[in-house]
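Novice: Next up is a structure, given as structure tokens.
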Amino acid sequence: SYKPEQGFDVVLMNPPFAGKTYAKHVLHAYSMLNRLGALAAVVPTSFLNHGDDFLYQVAESGYWQTLGADQFDGTAVD
């Protein structure tokens with residue numbers, strides 16, 4: 001998998017939601033940040049129900065904000 005020589009300062013992403021594919025994409029992007037880097041990703045709030053490594057990584061390293069359903073055209077994903 002791709003790993004830059006120097007980490008990125010910022011990653012903004014909207015990964016695929018199918019299954020839990022988003023978690024794999026977000027964790028990989030997180031690994032590509034530099035020490036002070038920031039990552040923002042749009043993911044379904046269902047990640048709060050899984051209690052897996054993804055949820056623990058977010059809880060340990062960052063935070064989340066719930067936007068609510070119907071915030072994006074063409075989808076009702078919360």
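Letters A, B, ... mark the chains of the structure tokens in the order given; residue numbers begin at 1 per chain; ligand numbers begin at 1, in order shown.
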Quick one: pick out all strand (DSSP E) residues within chain A from a backbone DSSP run and write them as a compact mmCIF listing (two decimals) with N, CA and C atoms, in the first residue's frame.

Specialist:
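Once written, part-v5.txt looks like this:
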```txt
# COMPACT_ATOMS: atom_id res chain seq x y z
N PHE A 8 1.37 13.53 5.20
CA PHE A 8 0.54 14.65 4.77
C PHE A 8 0.13 15.51 5.95
N ASP A 9 -0.04 16.81 5.69
CA ASP A 9 -0.52 17.73 6.72
C ASP A 9 -2.02 17.56 6.93
N VAL A 10 -2.76 17.37 5.84
CA VAL A 10 -4.22 17.30 5.89
C VAL A 10 -4.71 16.25 4.90
N VAL A 11 -5.70 15.47 5.32
CA VAL A 11 -6.41 14.55 4.43
C VAL A 11 -7.90 14.81 4.61
N LEU A 12 -8.58 15.11 3.52
CA LEU A 12 -10.04 15.25 3.50
C LEU A 12 -10.57 14.14 2.62
N MET A 13 -11.57 13.39 3.09
CA MET A 13 -12.01 12.25 2.29
C MET A 13 -13.47 11.91 2.49
N LEU A 33 -0.60 10.38 7.65
CA LEU A 33 -0.46 11.74 8.18
C LEU A 33 0.91 11.92 8.81
N ASN A 34 1.38 13.17 8.82
CA ASN A 34 2.57 13.45 9.60
C ASN A 34 2.17 13.57 11.07
N ARG A 35 3.12 13.78 11.93
CA ARG A 35 2.88 13.77 13.38
C ARG A 35 1.80 14.76 13.82
N LEU A 36 1.71 15.90 13.15
CA LEU A 36 0.73 16.92 13.51
C LEU A 36 -0.41 17.02 12.50
N GLY A 37 -0.51 16.04 11.62
CA GLY A 37 -1.51 16.07 10.57
C GLY A 37 -2.94 15.92 11.07
N ALA A 38 -3.87 16.33 10.22
CA ALA A 38 -5.30 16.26 10.54
C ALA A 38 -6.04 15.52 9.43
N LEU A 39 -7.05 14.76 9.82
CA LEU A 39 -7.86 14.01 8.87
C LEU A 39 -9.33 14.28 9.14
N ALA A 40 -10.08 14.53 8.08
CA ALA A 40 -11.54 14.67 8.18
C ALA A 40 -12.15 13.75 7.14
N ALA A 41 -13.13 12.94 7.57
CA ALA A 41 -13.76 11.98 6.67
C ALA A 41 -15.26 11.94 6.93
```

Novice: Do you know which residues are at most 8 Å from stretch 52-54 of chain A counting only C-alpha atoms, after dropping those on the same chain fewer than 3 positions away, and could you put them as JSON, numbers by chain?

Specialist: {"A": [23, 27, 47, 57, 58]}

Novice: Those residues you just picked out, can you put them in a file as a PDB file, in the first residue's frame with N, CA, C and O atoms?

Specialist:
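That gives us out.pdb:
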```pdb
ATOM      1  N   ALA A  23     -13.893   2.195   6.914  1.00  0.00           N
ATOM      2  CA  ALA A  23     -12.944   2.087   8.027  1.00  0.00           C
ATOM      3  C   ALA A  23     -11.543   1.775   7.515  1.00  0.00           C
ATOM      4  O   ALA A  23     -10.559   2.388   7.955  1.00  0.00           O
ATOM      5  N   LEU A  27      -8.483   4.414   8.099  1.00  0.00           N
ATOM      6  CA  LEU A  27      -7.313   4.007   8.876  1.00  0.00           C
ATOM      7  C   LEU A  27      -6.040   4.078   8.037  1.00  0.00           C
ATOM      8  O   LEU A  27      -4.978   4.478   8.532  1.00  0.00           O
ATOM      9  N   PHE A  47     -20.773   3.479  12.485  1.00  0.00           N
ATOM     10  CA  PHE A  47     -19.481   3.075  13.044  1.00  0.00           C
ATOM     11  C   PHE A  47     -19.505   3.111  14.572  1.00  0.00           C
ATOM     12  O   PHE A  47     -18.763   2.395  15.228  1.00  0.00           O
ATOM     13  N   GLN A  57      -9.859   3.741  17.491  1.00  0.00           N
ATOM     14  CA  GLN A  57      -8.868   4.670  16.934  1.00  0.00           C
ATOM     15  C   GLN A  57      -9.427   6.086  16.895  1.00  0.00           C
ATOM     16  O   GLN A  57      -8.740   7.036  17.264  1.00  0.00           O
ATOM     17  N   VAL A  58     -10.674   6.223  16.474  1.00  0.00           N
ATOM     18  CA  VAL A  58     -11.292   7.554  16.433  1.00  0.00           C
ATOM     19  C   VAL A  58     -11.409   8.117  17.845  1.00  0.00           C
ATOM     20  O   VAL A  58     -11.077   9.275  18.093  1.00  0.00           O
TER      21      VAL A  58
END
```

Novice: Which residues are close to A:Lys20, i.e. within 10 Å by only C-alpha atoms, leaving aside same-chain residues fewer than 2 positions away? Reply as a PyMOL selection string.

Specialist: chain A and resi 16-18+22-25+43-44+46-47+50+54

Novice: Once you have the residues from the selection above, write them out as a PDB file, in the first residue's frame, restricted to C-alpha atoms.

Specialist:
```
ATOM      1  CA  PRO A  16     -16.930   4.315   0.005  1.00  0.00           C
ATOM      2  CA  PHE A  17     -19.551   3.205   2.542  1.00  0.00           C
ATOM      3  CA  ALA A  18     -20.193  -0.343   1.250  1.00  0.00           C
ATOM      4  CA  TYR A  22     -14.826   3.217   4.902  1.00  0.00           C
ATOM      5  CA  ALA A  23     -12.944   2.087   8.027  1.00  0.00           C
ATOM      6  CA  LYS A  24     -10.134   0.493   6.020  1.00  0.00           C
ATOM      7  CA  HIS A  25      -9.774   3.632   3.870  1.00  0.00           C
ATOM      8  CA  VAL A  43     -18.526   8.147   7.376  1.00  0.00           C
ATOM      9  CA  PRO A  44     -21.885   6.682   8.444  1.00  0.00           C
ATOM     10  CA  SER A  46     -23.201   3.241  12.210  1.00  0.00           C
ATOM     11  CA  PHE A  47     -19.481   3.075  13.044  1.00  0.00           C
ATOM     12  CA  HIS A  50     -19.387  -1.640  15.910  1.00  0.00           C
ATOM     13  CA  PHE A  54     -11.930   1.820  13.917  1.00  0.00           C
TER      14      PHE A  54
END
```

Novice: As a PDB file with C-alpha atoms, in the first residue's frame, please: every residue in chain A that a backbone DSSP assignment puts in alpha helix (DSSP H).

Specialist:
```pdb
ATOM      1  CA  THR A  21     -14.929  -0.340   3.580  1.00  0.00           C
ATOM      2  CA  TYR A  22     -14.826   3.217   4.902  1.00  0.00           C
ATOM      3  CA  ALA A  23     -12.944   2.087   8.027  1.00  0.00           C
ATOM      4  CA  LYS A  24     -10.134   0.493   6.020  1.00  0.00           C
ATOM      5  CA  HIS A  25      -9.774   3.632   3.870  1.00  0.00           C
ATOM      6  CA  VAL A  26      -9.821   6.019   6.824  1.00  0.00           C
ATOM      7  CA  LEU A  27      -7.313   4.007   8.876  1.00  0.00           C
ATOM      8  CA  HIS A  28      -4.960   3.839   5.892  1.00  0.00           C
ATOM      9  CA  ALA A  29      -5.260   7.591   5.317  1.00  0.00           C
ATOM     10  CA  TYR A  30      -4.627   8.158   9.033  1.00  0.00           C
ATOM     11  CA  SER A  31      -1.385   6.184   8.746  1.00  0.00           C
ATOM     12  CA  ASP A  53     -10.554  -0.997  16.050  1.00  0.00           C
ATOM     13  CA  PHE A  54     -11.930   1.820  13.917  1.00  0.00           C
ATOM     14  CA  LEU A  55     -14.138   3.181  16.698  1.00  0.00           C
ATOM     15  CA  TYR A  56     -11.319   2.871  19.235  1.00  0.00           C
ATOM     16  CA  GLN A  57      -8.868   4.670  16.934  1.00  0.00           C
ATOM     17  CA  VAL A  58     -11.292   7.554  16.433  1.00  0.00           C
ATOM     18  CA  ALA A  59     -12.028   7.770  20.158  1.00  0.00           C
ATOM     19  CA  GLU A  60      -8.329   7.723  21.017  1.00  0.00           C
ATOM     20  CA  SER A  61      -7.029  10.058  18.333  1.00  0.00           C
TER      21      SER A  61
END
```

Novice: Just to confirm, what's the straight-line distance from atom CA of A:Gly68 to atom CA of A:Asn14 in Å (one decimal)?

Specialist: 15.9 Å
